[in-house]
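Student: The structure that follows is given in the form of structure tokens.
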Amino acid sequence: SPLHPLLVSLPKCEHHLHLEGCLTPDLLFSLSAKNNIPLPPPSEDPAFASPSTLAERYTAFTSLDDFLHYYYIGFRVLVTPEDFEALAWSYFLHAHREANVRHAEVFFDPQAHTNRSIPLSTVINGFAAAASRAESELGMSSLLIPCLLRHLPIADSHSTYTALVEGEYFTSGVLGGIGLCSTELSQPPHLWAPIFTDASSRGIRRTVHAGEEGPPAYVTLALDALDAMRIDHGVRAAEDTHLLTRLAAEGVLLSLCPVSNAALKVTKSVSDAPVRALLDHGVRFSVNSDDPAYFGAWIQDVYCAVQEAFGLTVGEWAGIVRAAVEGSWCEEERKKVLR
Ligand code: ADE
Ligand code: ZN
């Protein structure tokens with residue numbers, strides 16, 4: 001589309017980006033060598049023969065859980081604070097240079113690191129160092145958002161949440177909110193209600209992956225039982241017009257990731273993303289990359305893929321970018337600059 005150069009250069013906010021989802025196959029193999037962490041032998045899974053065979057396997061995900069299997073193997077090679085800092089810095093620098101991202105609210109999965117005996121402080125300090133460097137060197141604002149993991153026992157979520165609160169990571173401003181992600185089917189949101197209710201009472205911002213593989217009812221539960229302020233994905237909300245009307249009325253932002261959805265077979269293709277339904281119902285959404293190193297598309301590529309699929313007008317894009325600013329969790333002073 002002739003709009004691609006404009007879409008690439010448009011000032012952006014990104015709301016749905018997992019820092020560990022920026023681990024490319026090349027970086028995975030080099031950190032594996034540096035830290036002496038073995039990857040599965042190719043005799044067990046031929047995808048691990050080389051970075052290129054792994055990249056090839058990443059083009060053939062069959063579901064969210066098929067992706068998550070590879071995703072959590074990738075975590076193993078991240079060990080030192082410098083590994084975490086370098087990973088986050090690679091995202092911030094790339095997003096700044098290639099996509100003009102001005103503000104990023106980024107996820108990470110503390111439990112999948114502390115599970116491997118990596119201290120919480122190693123993960124958070126490494127990511128926070130990159131975030132402050134992005135602020136000072138790139139003028140980019142960001143929020144770090146830990147996500148609790150649905151594939152692990154709830155008790156695990158409780159202990160991690162307690163450690164985050166007691167470490168004063170929220171009150172000190174190092175962390176900007178709490179999220180919930182990983183496997184969705186058979187893990188309904190209300191199981192995390194005690195944690196999210198506590199977060200709500202402490203004024204900790206809340207966002208929930210819902211309606212990706214799960215039904216529209218999970219989006220409703222995320223709003224009602226978890227007091228979610230934002231919905232990550234929410235694709236399947238489009239199946240329920242009553243829910244769309246509610247999302248519009250309450251001004252809830254959906255962080256859409258149409259390339260991720262196509263990659264994980266949530267939709268058949270990018271053109272099946274509910275972009276038209278959301279625009280028609282006045283539901284606010286932003287366009288995001290999710291796990292760019294796994295889906296081979298960074299935010300500017302996702303903007304262009306959406307344009308190829310929907311042929312939006314410049315005015316419609318201005319509305320999307322504006323909704324992303326308004327739906328961001330930065331201070332009003334920062335929003336004034338972003339507008
Ligand atoms: N973790 C990383 N990417 C995810 C996704 N698309 N859905 C749920 N959990 C995730
Ligand atoms: Zn996600």
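To be explicit about the labels: the chains of the structure tokens are called A, B, and onward in the order shown, and within each one the residues are counted from 1, while ligands get numbers from 1 in the order they are shown.
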When you look at Gly176 of chain A with a cut-off of 6 Å (counting only C-alpha atoms), what residues show up, excluding the ones that are within fewer than 3 positions of it in the same chain? I need them as a count of residues only.
Tutor: 3
Student: So which residues of segment 19-170 of chain A fall under strand (DSSP E) by DSSP, listed as a list in words?
Tutor: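 After running DSSP on the backbone, segment 19-170 of chain A has strand (DSSP E) at Val101, Arg102, His103, Ala104, Glu105, Val106, Phe107, Phe108, Ser141, Ser142, Leu143, Leu144, Ile145, Pro146, Cys147, Leu148 and Leu149 of chain A.
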Student: May I have the selected residues written with C-alpha atoms, as a CSV table (one decimal), in the first residue's frame?
Tutor:
chain,number,residue,atom,x,y,z
A,101,VAL,CA,7.6,3.8,19.1
A,102,ARG,CA,7.5,6.7,21.6
A,103,HIS,CA,5.9,4.8,24.5
A,104,ALA,CA,5.9,1.1,25.3
A,105,GLU,CA,4.1,-0.9,27.9
A,106,VAL,CA,5.9,-4.2,28.0
A,107,PHE,CA,5.2,-7.6,29.6
A,108,PHE,CA,7.5,-10.2,31.1
A,141,SER,CA,8.8,6.2,27.9
A,142,SER,CA,7.9,2.7,29.1
A,143,LEU,CA,6.1,0.7,31.7
A,144,LEU,CA,7.2,-2.8,32.8
A,145,ILE,CA,4.3,-5.1,33.5
A,146,PRO,CA,4.8,-8.6,35.1
A,147,CYS,CA,2.3,-11.2,33.9
A,148,LEU,CA,1.1,-14.0,36.1
A,149,LEU,CA,1.1,-17.4,34.4
Student: Residues within 7 Å of ligand 1, counting only C-alpha atoms and all ligand atoms: report them as a count of residues only.
Tutor: 13
Student: Residues near Val325 of chain A, anyone? I mean within 10 Å using only C-alpha atoms, not counting same-chain ones fewer than 5 positions away, as a list in words.
Tutor: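 With the cut-off at 10 Å, the set is Pro11, Lys12, Cys13, Glu14, His15, Arg102, His103, Ser286, Gly319, Ile320, Cys330, Arg334, Lys335, Lys336, Val337, Leu338 and Arg339 of chain A.
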Student: Using only C-alpha atoms and all ligand atoms, can you tell me which of A:His16, A:Arg322, A:His242, A:Arg284 comes closest to ligand 2?
Tutor: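 For ligand 2, the nearest of the given residues is A:His16.
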Student: Report, in Å with one decimal, the straight-line distance from atom CA of Leu138 of chain A to atom CA of Leu93 of chain A.
Tutor: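 Computed distance, atom CA of Leu138 of chain A to atom CA of Leu93 of chain A, equals 7.7 Å.
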